[in-house]
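**Student:** Can you read through this structure? Questions will come right after.
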Amino acid sequence: MHLRHALTLPLLTLMASAAAFAQMPSASTTPINASEQAAVIATLEQQLKSQYVFPDVAASTSTALSARLAHGDYRDATTTAAFARKLSEDLSSIGNDKHLAVKFAPDLPSPPQNDGKGGSDEDAAREMEQMVAQMRTASARESYGINRVQWLPGGVSYIDLRKFGHPEIVGAAYDGAMSLVAGTKALVLDLRQNKGGEPDGVAYLISHFFAVGDARHLNDFYVRADGDTHQFWTIPSATPRFAGPIYVLTSRQTASGAEECAYDLKTQKRATLVGETTMGAANPGGWMPLGHGFMAFIPVARAINPITNANWEHVGVAPDVAVPAGSAMKTAYLAILDGLLKNSKDPDEQAGLKNILADVQSGKFQLPDNYSSH
């Protein structure tokens with residue numbers, strides 16, 4: 001899905017999971033009164049009923065929120081930060097959806113709205129350009145989500161990717177990272193601290209892992225707003241291509257678009273997953289205004305894998321090799337080295353691989369591993 005499509009469906013994105021946003025600390029101590037709380041919840045219920053991908057869940061969640069408001073459950077949430085946190089907790093538990101969340105962000109622009117009045121198309125286009133420019137700047141400051149690219153002894157490469165962006169913004173960076181590892185024999189893709197991102201970015205990265213001309217149908221999204229199913233395939237322009245073995249590291253923090261990446265590679269039998277079962281947040285959506293400075297992340301679509309006809313919502317993506325996330329890098333690297341050793345016919349290469357294996361097993365070699373469970 002291209003950038004212009006992803007921003008009009010609306011803001012269809014596999015961004016960081018709502019659970020992660022809900023846990024972000026806030027310095028806001030702005031007070032909020034009961035009437036403002038009621039207004040925010042009323043708008044939230046309207047957004048759920050009109051946008052949420054599962055209408056029946058939207059209805060039951062709205063009813064439950066109204067009941068909690070009437071019961072006085074938000075009486076003690078007297079600041080905007082506390083109210084957003086409480087609403088996020090309730091949404092996640094009532095709707096059983098880890099993408100659902102509310103945040104107080106009065107300084108963030110709302111998605112462009114076309115109200116049908118004269119000049120609205122031009123205004124919306126201008127606002128969209130500003131939003132894209134902000135996305136480009138933010139992505140560049142975060143190194144396009146690429147935390148580390150490194151060669152390891154034995155001809156193994158390592159990429160630590162923390163976020164997926166739109167190809168129009170991050171594509172050149174992904175191409176550059178893959179160029180750096182093109183000559184290696186195997187790749188470790190670390191998604192343990194990746195909270196997600198854009199579905200077209202996921203497809204663009206995965207495209208590097210199949211031969212030119214090998215078109216793969218990776219994933220679909222059914223979008224409630226238009227009733228259409230949007231397909232995602234490998235992208236021919238993504239280069240260079242990497243043909244070696246791929247090991248993907250996962251954790252309980254691996255969420256949303258990162259889960260899709262792991263799921264797609266697993267169902268396409270293109271990678272070995274090592275680590276923990278992922279978070280289980282599959283339904284993509286976007287941030288929608290609630291008034292009074294609040295926004296809600298509401299899933300507007302559901303993923304449908306063309307191979308399994310299912311997705312990872314609630315259940316997560318199970319690894320092929322289950323180990324604690326903190327041990328995943330060492331486990332994957334040892335498995336790769338062992339495989340290279342078994343396939344090697346060169347005595348000198350075999351001796352070198354045995355030395356590397358011994359150093360890794362003993363802890364003498366320091367792995368490029370800064371994984372944190374927090």
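Following the order of the structure tokens, chains are lettered A, B, ..., residues in each are numbered from 1, and ligands are numbered from 1.
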For the interface of stretch 83-113 of chain A with stretch 257-279 of chain A (cut-off 12 Å, counting only C-alpha atoms), please tabulate each contacting residue of stretch 83-113 of chain A alongside its nearest pair of atoms and their separation in Å to one decimal, rows sorted by chain and increasing number, as a Markdown table.

**Tutor:**
| residue | atom | partner | partner_atom | distance |
| --- | --- | --- | --- | --- |
| A:Asp97 | CA | A:Met279 | CA | 10.8 |
| A:Lys98 | CA | A:Met279 | CA | 8.3 |
| A:His99 | CA | A:Met279 | CA | 10.5 |

**Student:** Residues of the last selection are to be written out with N, CA and C atoms, as a PDB file, in the first residue's frame.

**Tutor:**
ATOM      1  N   ASP A  97      -8.422  -5.988  22.645  1.00  0.00           N
ATOM      2  CA  ASP A  97      -7.662  -5.592  21.452  1.00  0.00           C
ATOM      3  C   ASP A  97      -6.491  -4.733  21.907  1.00  0.00           C
ATOM      4  N   LYS A  98      -5.277  -5.208  21.681  1.00  0.00           N
ATOM      5  CA  LYS A  98      -4.097  -4.518  22.180  1.00  0.00           C
ATOM      6  C   LYS A  98      -3.731  -3.278  21.380  1.00  0.00           C
ATOM      7  N   HIS A  99      -4.458  -3.032  20.294  1.00  0.00           N
ATOM      8  CA  HIS A  99      -4.224  -1.802  19.542  1.00  0.00           C
ATOM      9  C   HIS A  99      -5.042  -0.633  20.076  1.00  0.00           C
TER      10      HIS A  99
END

**Student:** As a list in words, please: all residues of stretch 253-332 of chain A that backbone DSSP puts in alpha helix (DSSP H).

**Tutor:**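 Restricting stretch 253-332 of chain A to alpha helix (DSSP H) produces Gly257, Ala258, Glu259, Glu260, Cys261, Ala262, Tyr263, Asp264, Leu265, Lys266, Thr267, Ala328, Met329, Lys330, Thr331 and Ala332 of chain A.
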
**Student:** Write out, as an mmCIF file, in the first residue's frame, the residues just selected, with all heavy atoms.

**Tutor:**
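The resulting file, selection24.cif, is reproduced below:
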data_model
loop_
_atom_site.group_PDB
_atom_site.id
_atom_site.type_symbol
_atom_site.label_atom_id
_atom_site.label_comp_id
_atom_site.auth_asym_id
_atom_site.auth_seq_id
_atom_site.Cartn_x
_atom_site.Cartn_y
_atom_site.Cartn_z
ATOM 1 N N GLY A 257 3.076 -4.538 13.163
ATOM 2 C CA GLY A 257 3.736 -4.744 11.885
ATOM 3 C C GLY A 257 4.943 -5.653 11.982
ATOM 4 O O GLY A 257 5.271 -6.383 11.033
ATOM 5 N N ALA A 258 5.648 -5.620 13.121
ATOM 6 C CA ALA A 258 6.782 -6.527 13.312
ATOM 7 C C ALA A 258 6.299 -7.968 13.396
ATOM 8 O O ALA A 258 6.972 -8.892 12.918
ATOM 9 C CB ALA A 258 7.548 -6.150 14.576
ATOM 10 N N GLU A 259 5.122 -8.153 13.991
ATOM 11 C CA GLU A 259 4.540 -9.494 14.017
ATOM 12 C C GLU A 259 4.165 -9.936 12.612
ATOM 13 O O GLU A 259 4.333 -11.108 12.248
ATOM 14 C CB GLU A 259 3.301 -9.501 14.907
ATOM 15 C CG GLU A 259 3.581 -9.269 16.377
ATOM 16 C CD GLU A 259 2.314 -9.300 17.204
ATOM 17 O OE1 GLU A 259 1.639 -8.241 17.291
ATOM 18 O OE2 GLU A 259 1.992 -10.369 17.755
ATOM 19 N N GLU A 260 3.644 -8.993 11.817
ATOM 20 C CA GLU A 260 3.313 -9.356 10.445
ATOM 21 C C GLU A 260 4.552 -9.803 9.685
ATOM 22 O O GLU A 260 4.521 -10.783 8.940
ATOM 23 C CB GLU A 260 2.663 -8.183 9.699
ATOM 24 C CG GLU A 260 2.189 -8.604 8.316
ATOM 25 C CD GLU A 260 2.104 -7.484 7.313
ATOM 26 O OE1 GLU A 260 1.909 -6.337 7.715
ATOM 27 O OE2 GLU A 260 2.242 -7.779 6.105
ATOM 28 N N CYS A 261 5.653 -9.093 9.874
ATOM 29 C CA CYS A 261 6.901 -9.459 9.207
ATOM 30 C C CYS A 261 7.301 -10.886 9.573
ATOM 31 O O CYS A 261 7.611 -11.704 8.696
ATOM 32 C CB CYS A 261 8.003 -8.472 9.597
ATOM 33 S SG CYS A 261 9.597 -8.791 8.808
ATOM 34 N N ALA A 262 7.274 -11.185 10.868
ATOM 35 C CA ALA A 262 7.638 -12.530 11.320
ATOM 36 C C ALA A 262 6.653 -13.570 10.781
ATOM 37 O O ALA A 262 7.049 -14.656 10.333
ATOM 38 C CB ALA A 262 7.679 -12.568 12.842
ATOM 39 N N TYR A 263 5.363 -13.243 10.828
ATOM 40 C CA TYR A 263 4.315 -14.161 10.379
ATOM 41 C C TYR A 263 4.439 -14.431 8.880
ATOM 42 O O TYR A 263 4.341 -15.589 8.429
ATOM 43 C CB TYR A 263 2.955 -13.552 10.706
ATOM 44 C CG TYR A 263 1.779 -14.492 10.632
ATOM 45 C CD1 TYR A 263 1.434 -15.290 11.715
ATOM 46 C CD2 TYR A 263 0.983 -14.553 9.489
ATOM 47 C CE1 TYR A 263 0.328 -16.135 11.668
ATOM 48 C CE2 TYR A 263 -0.125 -15.390 9.425
ATOM 49 C CZ TYR A 263 -0.453 -16.179 10.518
ATOM 50 O OH TYR A 263 -1.539 -17.019 10.468
ATOM 51 N N ASP A 264 4.647 -13.360 8.102
ATOM 52 C CA ASP A 264 4.772 -13.516 6.650
ATOM 53 C C ASP A 264 5.981 -14.378 6.291
ATOM 54 O O ASP A 264 5.889 -15.274 5.442
ATOM 55 C CB ASP A 264 4.892 -12.156 5.971
ATOM 56 C CG ASP A 264 3.615 -11.332 6.053
ATOM 57 O OD1 ASP A 264 2.580 -11.885 6.477
ATOM 58 O OD2 ASP A 264 3.667 -10.137 5.708
ATOM 59 N N LEU A 265 7.113 -14.108 6.921
ATOM 60 C CA LEU A 265 8.320 -14.879 6.619
ATOM 61 C C LEU A 265 8.169 -16.339 7.045
ATOM 62 O O LEU A 265 8.671 -17.250 6.384
ATOM 63 C CB LEU A 265 9.531 -14.253 7.309
ATOM 64 C CG LEU A 265 10.006 -12.926 6.710
ATOM 65 C CD1 LEU A 265 11.078 -12.292 7.588
ATOM 66 C CD2 LEU A 265 10.546 -13.132 5.293
ATOM 67 N N LYS A 266 7.445 -16.552 8.142
ATOM 68 C CA LYS A 266 7.226 -17.926 8.604
ATOM 69 C C LYS A 266 6.297 -18.678 7.661
ATOM 70 O O LYS A 266 6.581 -19.818 7.279
ATOM 71 C CB LYS A 266 6.648 -17.911 10.021
ATOM 72 C CG LYS A 266 6.444 -19.295 10.615
ATOM 73 C CD LYS A 266 5.964 -19.222 12.054
ATOM 74 C CE LYS A 266 5.823 -20.609 12.652
ATOM 75 N NZ LYS A 266 5.402 -20.576 14.082
ATOM 76 N N THR A 267 5.178 -18.054 7.277
ATOM 77 C CA THR A 267 4.226 -18.741 6.407
ATOM 78 C C THR A 267 4.785 -18.942 4.997
ATOM 79 O O THR A 267 4.392 -19.890 4.304
ATOM 80 C CB THR A 267 2.895 -17.970 6.322
ATOM 81 O OG1 THR A 267 3.150 -16.625 5.902
ATOM 82 C CG2 THR A 267 2.207 -17.955 7.681
ATOM 83 N N ALA A 328 17.926 -15.272 22.554
ATOM 84 C CA ALA A 328 17.611 -15.547 21.153
ATOM 85 C C ALA A 328 18.780 -15.283 20.219
ATOM 86 O O ALA A 328 19.024 -16.052 19.282
ATOM 87 C CB ALA A 328 16.402 -14.719 20.723
ATOM 88 N N MET A 329 19.523 -14.196 20.444
ATOM 89 C CA MET A 329 20.630 -13.866 19.554
ATOM 90 C C MET A 329 21.701 -14.947 19.583
ATOM 91 O O MET A 329 22.163 -15.418 18.540
ATOM 92 C CB MET A 329 21.234 -12.511 19.945
ATOM 93 C CG MET A 329 22.404 -12.088 19.074
ATOM 94 S SD MET A 329 21.941 -11.891 17.339
ATOM 95 C CE MET A 329 23.512 -12.145 16.522
ATOM 96 N N LYS A 330 22.074 -15.364 20.774
ATOM 97 C CA LYS A 330 23.107 -16.400 20.896
ATOM 98 C C LYS A 330 22.626 -17.711 20.296
ATOM 99 O O LYS A 330 23.375 -18.391 19.575
ATOM 100 C CB LYS A 330 23.481 -16.597 22.370
ATOM 101 C CG LYS A 330 24.612 -17.607 22.579
ATOM 102 C CD LYS A 330 25.015 -17.664 24.043
ATOM 103 C CE LYS A 330 26.179 -18.643 24.250
ATOM 104 N NZ LYS A 330 26.612 -18.690 25.671
ATOM 105 N N THR A 331 21.373 -18.050 20.546
ATOM 106 C CA THR A 331 20.821 -19.297 20.003
ATOM 107 C C THR A 331 20.825 -19.286 18.484
ATOM 108 O O THR A 331 21.224 -20.267 17.840
ATOM 109 C CB THR A 331 19.378 -19.491 20.511
ATOM 110 O OG1 THR A 331 19.391 -19.549 21.945
ATOM 111 C CG2 THR A 331 18.777 -20.777 19.967
ATOM 112 N N ALA A 332 20.393 -18.188 17.891
ATOM 113 C CA ALA A 332 20.342 -18.087 16.438
ATOM 114 C C ALA A 332 21.739 -18.117 15.828
ATOM 115 O O ALA A 332 21.986 -18.813 14.831
ATOM 116 C CB ALA A 332 19.613 -16.810 16.030
#

**Student:** Write out as a PDB file with N, CA, C and O atoms, in the first residue's frame each polymer residue whose atoms come within 6 Å of stretch 32-47 of chain A, counting only C-alpha atoms; drop sequence neighbours fewer than 3 positions from it.

**Tutor:**
ATOM      1  N   SER A  50     -18.466   3.887  14.274  1.00  0.00           N
ATOM      2  CA  SER A  50     -18.371   4.197  12.849  1.00  0.00           C
ATOM      3  C   SER A  50     -17.108   3.641  12.193  1.00  0.00           C
ATOM      4  O   SER A  50     -17.093   3.432  10.979  1.00  0.00           O
ATOM      5  N   GLN A  51     -16.051   3.380  12.996  1.00  0.00           N
ATOM      6  CA  GLN A  51     -14.761   3.038  12.413  1.00  0.00           C
ATOM      7  C   GLN A  51     -14.228   1.650  12.791  1.00  0.00           C
ATOM      8  O   GLN A  51     -13.541   1.021  11.987  1.00  0.00           O
ATOM      9  N   SER A  62     -18.721   0.247  23.639  1.00  0.00           N
ATOM     10  CA  SER A  62     -19.343   1.547  23.905  1.00  0.00           C
ATOM     11  C   SER A  62     -20.308   1.461  25.081  1.00  0.00           C
ATOM     12  O   SER A  62     -20.331   2.338  25.961  1.00  0.00           O
ATOM     13  N   THR A  78      -8.390  12.602  37.473  1.00  0.00           N
ATOM     14  CA  THR A  78      -8.639  14.042  37.416  1.00  0.00           C
ATOM     15  C   THR A  78      -7.662  14.811  36.533  1.00  0.00           C
ATOM     16  O   THR A  78      -7.804  16.022  36.378  1.00  0.00           O
ATOM     17  N   THR A  79      -6.656  14.131  35.966  1.00  0.00           N
ATOM     18  CA  THR A  79      -5.750  14.778  35.021  1.00  0.00           C
ATOM     19  C   THR A  79      -5.896  14.112  33.659  1.00  0.00           C
ATOM     20  O   THR A  79      -6.370  12.970  33.554  1.00  0.00           O
ATOM     21  N   THR A  80      -5.475  14.823  32.626  1.00  0.00           N
ATOM     22  CA  THR A  80      -5.583  14.266  31.279  1.00  0.00           C
ATOM     23  C   THR A  80      -4.758  12.999  31.127  1.00  0.00           C
ATOM     24  O   THR A  80      -5.168  12.059  30.442  1.00  0.00           O
ATOM     25  N   LEU A 290     -10.689  12.971  19.408  1.00  0.00           N
ATOM     26  CA  LEU A 290     -11.818  12.836  20.332  1.00  0.00           C
ATOM     27  C   LEU A 290     -12.247  14.173  20.927  1.00  0.00           C
ATOM     28  O   LEU A 290     -13.220  14.229  21.677  1.00  0.00           O
TER      29      LEU A 290
END

**Student:** I want to know what sits within 8 Å of A:Thr239, based on only C-alpha atoms, with residues of the same chain fewer than 3 positions away left out; could you give that as a list in words?

**Tutor:**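 Returned residues: Asp175, Met178 and His208 of chain A.
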
**Student:** For A:Tyr144, please output as a PyMOL selection string all residues within 10 Å (counting only C-alpha atoms; exclusion window: fewer than 6 positions along the same chain).

**Tutor:** chain A and resi 136-138+161-166+169-174

**Student:** Output C-alpha atoms for every residue in that selection, as an mmCIF file, in the first residue's frame.

**Tutor:**
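Dumped to selection10.cif:
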data_model
loop_
_atom_site.group_PDB
_atom_site.id
_atom_site.type_symbol
_atom_site.label_atom_id
_atom_site.label_comp_id
_atom_site.auth_asym_id
_atom_site.auth_seq_id
_atom_site.Cartn_x
_atom_site.Cartn_y
_atom_site.Cartn_z
ATOM 1 C CA ARG A 136 10.156 12.234 7.040
ATOM 2 C CA THR A 137 11.897 14.373 9.638
ATOM 3 C CA ALA A 138 10.917 12.096 12.516
ATOM 4 C CA LEU A 161 15.150 -2.948 13.157
ATOM 5 C CA ARG A 162 12.934 -1.028 15.596
ATOM 6 C CA LYS A 163 10.145 0.328 13.342
ATOM 7 C CA PHE A 164 8.669 -0.027 9.844
ATOM 8 C CA GLY A 165 8.060 3.098 7.770
ATOM 9 C CA HIS A 166 6.524 3.869 4.394
ATOM 10 C CA ILE A 169 10.407 7.459 3.354
ATOM 11 C CA VAL A 170 12.521 4.465 4.438
ATOM 12 C CA GLY A 171 12.958 2.494 1.212
ATOM 13 C CA ALA A 172 16.396 3.899 0.374
ATOM 14 C CA ALA A 173 17.581 3.175 3.924
ATOM 15 C CA TYR A 174 16.344 -0.426 3.705
#

**Student:** Skip A:Ala105 itself and residues of its chain fewer than 2 positions away, then list as a ChimeraX atom specification all residues within 7 Å of it, counting only C-alpha atoms.

**Tutor:** /A:103,107-108,293-295

**Student:** Just to be explicit: take each residue in the selection above, keep N, CA, C and O atoms, and write the result as a JSON list (two decimals), in the first residue's frame.

**Tutor:**
[["chain", "number", "residue", "atom", "x", "y", "z"],
["A", 103, "LYS", "N", -4.70, 8.63, 23.98],
["A", 103, "LYS", "CA", -3.61, 9.45, 24.49],
["A", 103, "LYS", "C", -4.02, 10.91, 24.46],
["A", 103, "LYS", "O", -4.88, 11.32, 23.65],
["A", 107, "ASP", "N", -0.95, 18.91, 21.10],
["A", 107, "ASP", "CA", -0.10, 19.60, 20.14],
["A", 107, "ASP", "C", 0.02, 18.87, 18.81],
["A", 107, "ASP", "O", 0.57, 19.41, 17.85],
["A", 108, "LEU", "N", -0.48, 17.63, 18.75],
["A", 108, "LEU", "CA", -0.39, 16.88, 17.50],
["A", 108, "LEU", "C", -1.55, 17.25, 16.58],
["A", 108, "LEU", "O", -2.68, 17.40, 17.04],
["A", 293, "GLY", "N", -8.20, 17.65, 23.15],
["A", 293, "GLY", "CA", -6.79, 17.27, 23.09],
["A", 293, "GLY", "C", -6.53, 15.78, 23.10],
["A", 293, "GLY", "O", -5.37, 15.36, 23.10],
["A", 294, "PHE", "N", -7.58, 14.96, 23.07],
["A", 294, "PHE", "CA", -7.40, 13.50, 23.13],
["A", 294, "PHE", "C", -7.51, 12.89, 21.73],
["A", 294, "PHE", "O", -8.20, 13.41, 20.85],
["A", 295, "MET", "N", -6.82, 11.76, 21.58],
["A", 295, "MET", "CA", -6.90, 10.98, 20.35],
["A", 295, "MET", "C", -7.01, 9.51, 20.72],
["A", 295, "MET", "O", -6.49, 9.08, 21.76]]

**Student:** Please extract the residues of stretch 254-349 of chain A with a backbone DSSP assignment of strand (DSSP E) and present them as an MDAnalysis selection string.

**Tutor:** chainID A and resid 272:275 285:291 294:299 301:304 321:322

**Student:** Any chance you can output those residues with C-alpha atoms as a PDB file, in the first residue's frame?

**Tutor:**
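Final output, result.pdb:
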ATOM      1  CA  THR A 272      13.459 -19.438  11.145  1.00  0.00           C
ATOM      2  CA  LEU A 273      11.925 -17.622  14.119  1.00  0.00           C
ATOM      3  CA  VAL A 274      13.852 -17.708  17.402  1.00  0.00           C
ATOM      4  CA  GLY A 275      12.686 -16.271  20.725  1.00  0.00           C
ATOM      5  CA  GLY A 285      -5.796   1.345  12.425  1.00  0.00           C
ATOM      6  CA  GLY A 286      -5.122   5.012  12.986  1.00  0.00           C
ATOM      7  CA  TRP A 287      -5.249   7.861  15.510  1.00  0.00           C
ATOM      8  CA  MET A 288      -8.616   9.636  15.525  1.00  0.00           C
ATOM      9  CA  PRO A 289      -9.535  12.906  17.277  1.00  0.00           C
ATOM     10  CA  LEU A 290     -11.818  12.836  20.332  1.00  0.00           C
ATOM     11  CA  GLY A 291     -11.766  16.524  21.228  1.00  0.00           C
ATOM     12  CA  PHE A 294      -7.403  13.503  23.127  1.00  0.00           C
ATOM     13  CA  MET A 295      -6.903  10.977  20.348  1.00  0.00           C
ATOM     14  CA  ALA A 296      -7.815   7.306  20.099  1.00  0.00           C
ATOM     15  CA  PHE A 297      -6.044   4.571  18.176  1.00  0.00           C
ATOM     16  CA  ILE A 298      -8.861   2.548  16.604  1.00  0.00           C
ATOM     17  CA  PRO A 299      -8.298  -0.528  14.418  1.00  0.00           C
ATOM     18  CA  ALA A 301      -9.058  -3.324   9.411  1.00  0.00           C
ATOM     19  CA  ARG A 302      -8.098  -6.932  10.039  1.00  0.00           C
ATOM     20  CA  ALA A 303      -5.243  -8.939   8.620  1.00  0.00           C
ATOM     21  CA  ILE A 304      -5.898 -12.030   6.505  1.00  0.00           C
ATOM     22  CA  VAL A 321      12.800 -22.244  18.335  1.00  0.00           C
ATOM     23  CA  ALA A 322      11.352 -21.145  21.680  1.00  0.00           C
TER      24      ALA A 322
END

**Student:** Between A:Leu69, A:Val57, A:Leu334, A:Val248, which has the minimum distance to A:Ser93 (counting only C-alpha atoms)?

**Tutor:**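 Closest candidate: A:Val57.
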
**Student:** I'd like the neighbourhood of A:Leu152 as a VMD selection string, where a residue qualifies if any of its atoms comes within 9 Å (using only C-alpha atoms), though same-chain residues fewer than 4 positions away should be ignored.

**Tutor:** chain A and resid 156 to 158 367 to 368

**Student:** Could you take the residues named above and write them with C-alpha atoms, as a PDB file, in the first residue's frame?

**Tutor:**
ATOM      1  CA  VAL A 156      26.925 -13.622   9.298  1.00  0.00           C
ATOM      2  CA  SER A 157      25.098 -10.274   9.274  1.00  0.00           C
ATOM      3  CA  TYR A 158      22.841  -8.650  11.864  1.00  0.00           C
ATOM      4  CA  LEU A 367      27.320 -10.414  20.652  1.00  0.00           C
ATOM      5  CA  PRO A 368      25.685  -7.274  19.198  1.00  0.00           C
TER       6      PRO A 368
END

**Student:** Would you mind reading off the distance between atom CA of A:Phe232 and atom CA of A:Gln193, one decimal, in Å?

**Tutor:** 23.8 Å

**Student:** Have a look at A:Ala225, A:Leu249, A:Ile235, A:Ala125 and name the one nearest to A:Gly213; count only C-alpha atoms.

**Tutor:** A:Ile235
